[in-house]
Amino acid sequence: MSGGPQTSRRGLLGLAAGVVGAVAAGRAAIAEDPPPAALPAVPEDATRVLGGGVTPRSDRSPFESPAVSPTGHVSGTAFSPLQDFTGTITPTDVQFQRHHGGIAQIDPTRYKLLLHGLVERPLTFTLAELKRFPHVTRAHFLECAGNGRKAYREPTPELTPQFIDGQLSNVEWTGVPLGQLLAEAGLKPAARWLLVEGGDASVLMRSLPIEKALDDCLIAFASNGEALRPAHGYPVRLVVPGWEANISIKWLRRIEAVESPAMAKDETVRYTDALPGDLARQFSFVMDTKSIITSPSHPMQLTPGMWTISGLAWTGRGRITKVEVSTDGGASLGLRPSSSAPSLPRRRRGLCCLGAGTAPPPP
């Protein structure tokens with residue numbers, strides 16, 4: 001380091017409200033996903049054949065092939081295959097991606113993070129210096145602000161969980177609490193916001209309230225037990241638990257303490273909520289409670305009988321404590337009459353609950 005001067009959810013679970021597709025500007029560059037590879041021949045009895053040798057990295061079974069989709073573009077979204085997961089942690093290589101200027105490639109030996117502005121001691125950190133700070137490991141979900149849009153605007157029976165709510169990943173992050181770095185620099189009383197900036201071609205910038213920065217934000221350099229991958233911000237990114245994922249800046253290179261929101265391009269042109277009367281709401285930040293049934297889902301074919309219902313529920317406010325499932329249109333939960341609901345046996349099962357950080361209400 002170098003110095004210078006109890007939320008609960010009760011209700012009928014169905015498909016969530018939609019998903020963001022790749023932006024129009026990036027569609028021309030989107031390549032078709034490759035066809036699945038042919039399955040290898042395997043012995044009828046593996047006990048009679050010597051197995052393969054150890055490789056530098058273990059691969060998935062060729063019979064398991066989850067993948068993000070679509071691929072090949074530099075601006076837009078690659079959706080995570082929620083229906084292919086077990087448990088609550090998203091495998092690193094199939095976490096959702098949202099890029100504005102492609103995937104940045106950064107040399108970790110030349111990486112630096114600048115912390116300046118309304119601080120007593122402007123500081124610059126190398127990757128090695130960040131790793132010398134006491135660090136923590138916590139699980140938090142990241143969700144795109146537009147997750148759920150496609151199923152809300154263009155619902156079809158063929159939508160899979162991947163394209164309904166696949167702009168969502170739950171990850172075990174390791175890093176330094178942002179508050180530790182701010183304490184090291186010494187915040188001045190006038191500092192009420194941070195401007196955080198990424199080091200990719202789009203130079204994504206967002207304004208972050210000091211209260212949230214001091215609460216639970218992380219300067220992360222690892223996820224799921226390994227160094228961040230380039231698609232997720234290698235070598236260092238910001239993690240802002242429970243808030244829209246675009247503020248969790250990847251390839252983080254600069255933090256500036258300021259008096260008020262910066263009104264940067266990415267929080268004026270983008271990431272605002274349109275309202276009637278030519279108005280827009282800014283800094284909505286917190287991701288509210290949502291859920292999705294991941295099984296059964298398209299293209300599964302169901303036959304009469306008992307089927308296990310499983311899925312995910314998550315929230316940026318507090319924690320999920322209970323999930324209830326209805327098969328009678330909500331009547332058994334006291335939500336509404338079931339005169340038009342199909343007659344099905346009732347079965348309840350708690351859904352997997354993604355970890356969520358506690359977030360204060362937006363300023």
# chains A, B, ... in the order shown; residues from 1 in each chain; ligands from 1
>>> select_by_dssp(residues="stretch 211-271 of chain A", states="strand (DSSP E or B)", output="list in words")
Leu218, Ile219, Ala220, Phe221, Ala222, Ser223, Glu226, Ala227, Arg237, Leu238, Val239, Trp243, Leu252, Arg253, Arg254, Ile255, Glu256, Ala257 and Val258 of chain A
>>> write_last_selection(atoms="C-alpha atoms", output="JSON list (two decimals), in the first residue's frame")
[["chain", "number", "residue", "atom", "x", "y", "z"],
["A", 218, "LEU", "CA", -16.42, -6.44, -0.13],
["A", 219, "ILE", "CA", -13.38, -5.78, -2.29],
["A", 220, "ALA", "CA", -13.28, -9.36, -3.62],
["A", 221, "PHE", "CA", -10.35, -11.13, -5.24],
["A", 222, "ALA", "CA", -11.66, -14.71, -5.06],
["A", 223, "SER", "CA", -14.90, -16.63, -5.51],
["A", 226, "GLU", "CA", -10.31, -19.65, -6.39],
["A", 227, "ALA", "CA", -9.13, -16.39, -7.91],
["A", 237, "ARG", "CA", -14.15, -6.51, -8.09],
["A", 238, "LEU", "CA", -16.61, -4.83, -5.77],
["A", 239, "VAL", "CA", -19.42, -6.89, -4.23],
["A", 243, "TRP", "CA", -28.26, -4.57, -4.45],
["A", 252, "LEU", "CA", -12.43, -2.30, -9.98],
["A", 253, "ARG", "CA", -9.72, 0.35, -10.43],
["A", 254, "ARG", "CA", -10.87, 3.52, -8.65],
["A", 255, "ILE", "CA", -12.88, 4.58, -5.60],
["A", 256, "GLU", "CA", -13.46, 8.28, -5.03],
["A", 257, "ALA", "CA", -15.09, 9.65, -1.88],
["A", 258, "VAL", "CA", -17.47, 12.47, -2.84]]
>>> closest_atom_pairs(of="stretch 121-150 of chain A", to="stretch 186-203 of chain A", cutoff="12 Å", atoms="only C-alpha atoms", output="tab-separated table")
residue	atom	partner	partner_atom	distance
A:Arg121	CA	A:Gly186	CA	6.4
A:Pro122	CA	A:Gly186	CA	8.7
A:Leu123	CA	A:Gly186	CA	10.1
>>> atom_distance(atom1="atom CA of A:Pro299", atom2="atom CA of A:Thr156")
12.2 Å
>>> residues_around(residues="stretch 133-141 of chain A", least_positions_apart="6", cutoff="12 Å", atoms="only C-alpha atoms", output="count of residues only")
58
>>> atom_distance(atom1="atom CA of A:Met263", atom2="atom CA of A:Leu115")
19.1 Å
>>> select_by_dssp(residues="stretch 22-217 of chain A", states="helix (DSSP H, G or I)", output="ChimeraX atom specification")
/A:24-27,46-48,82-84,92-94,108-110,127-132,149-153,161-165,178-185,210-215
>>> residues_around(residues="A:Thr86", least_positions_apart="3", cutoff="10 Å", atoms="only C-alpha atoms", output="number ranges by chain")
A: 82-83, 89-91, 310-311, 352
>>> residues_around(residues="stretch 67-69 of chain A", least_positions_apart="4", cutoff="8 Å", atoms="only C-alpha atoms", output="list in words")
Asp33, Ala78, Phe79, Ser80, Pro81, Val94, Gln95 and Phe96 of chain A
>>> residues_around(residues="A:Val269", least_positions_apart="5", cutoff="12 Å", atoms="only C-alpha atoms", output="ChimeraX atom specification")
/A:204-206,263-264,274,280-282
>>> residues_around(residues="A:Gly52", least_positions_apart="5", cutoff="12 Å", atoms="only C-alpha atoms", output="list in words")
Val42, Ala46 and Ser58 of chain A
>>> closest_residue(among="A:Leu159, A:His116, A:Gly53, A:Leu182", to="A:Glu211", atoms="only C-alpha atoms")
A:Leu182
>>> atom_distance(atom1="atom CA of A:Thr294", atom2="atom CA of A:Arg98")
21.6 Å
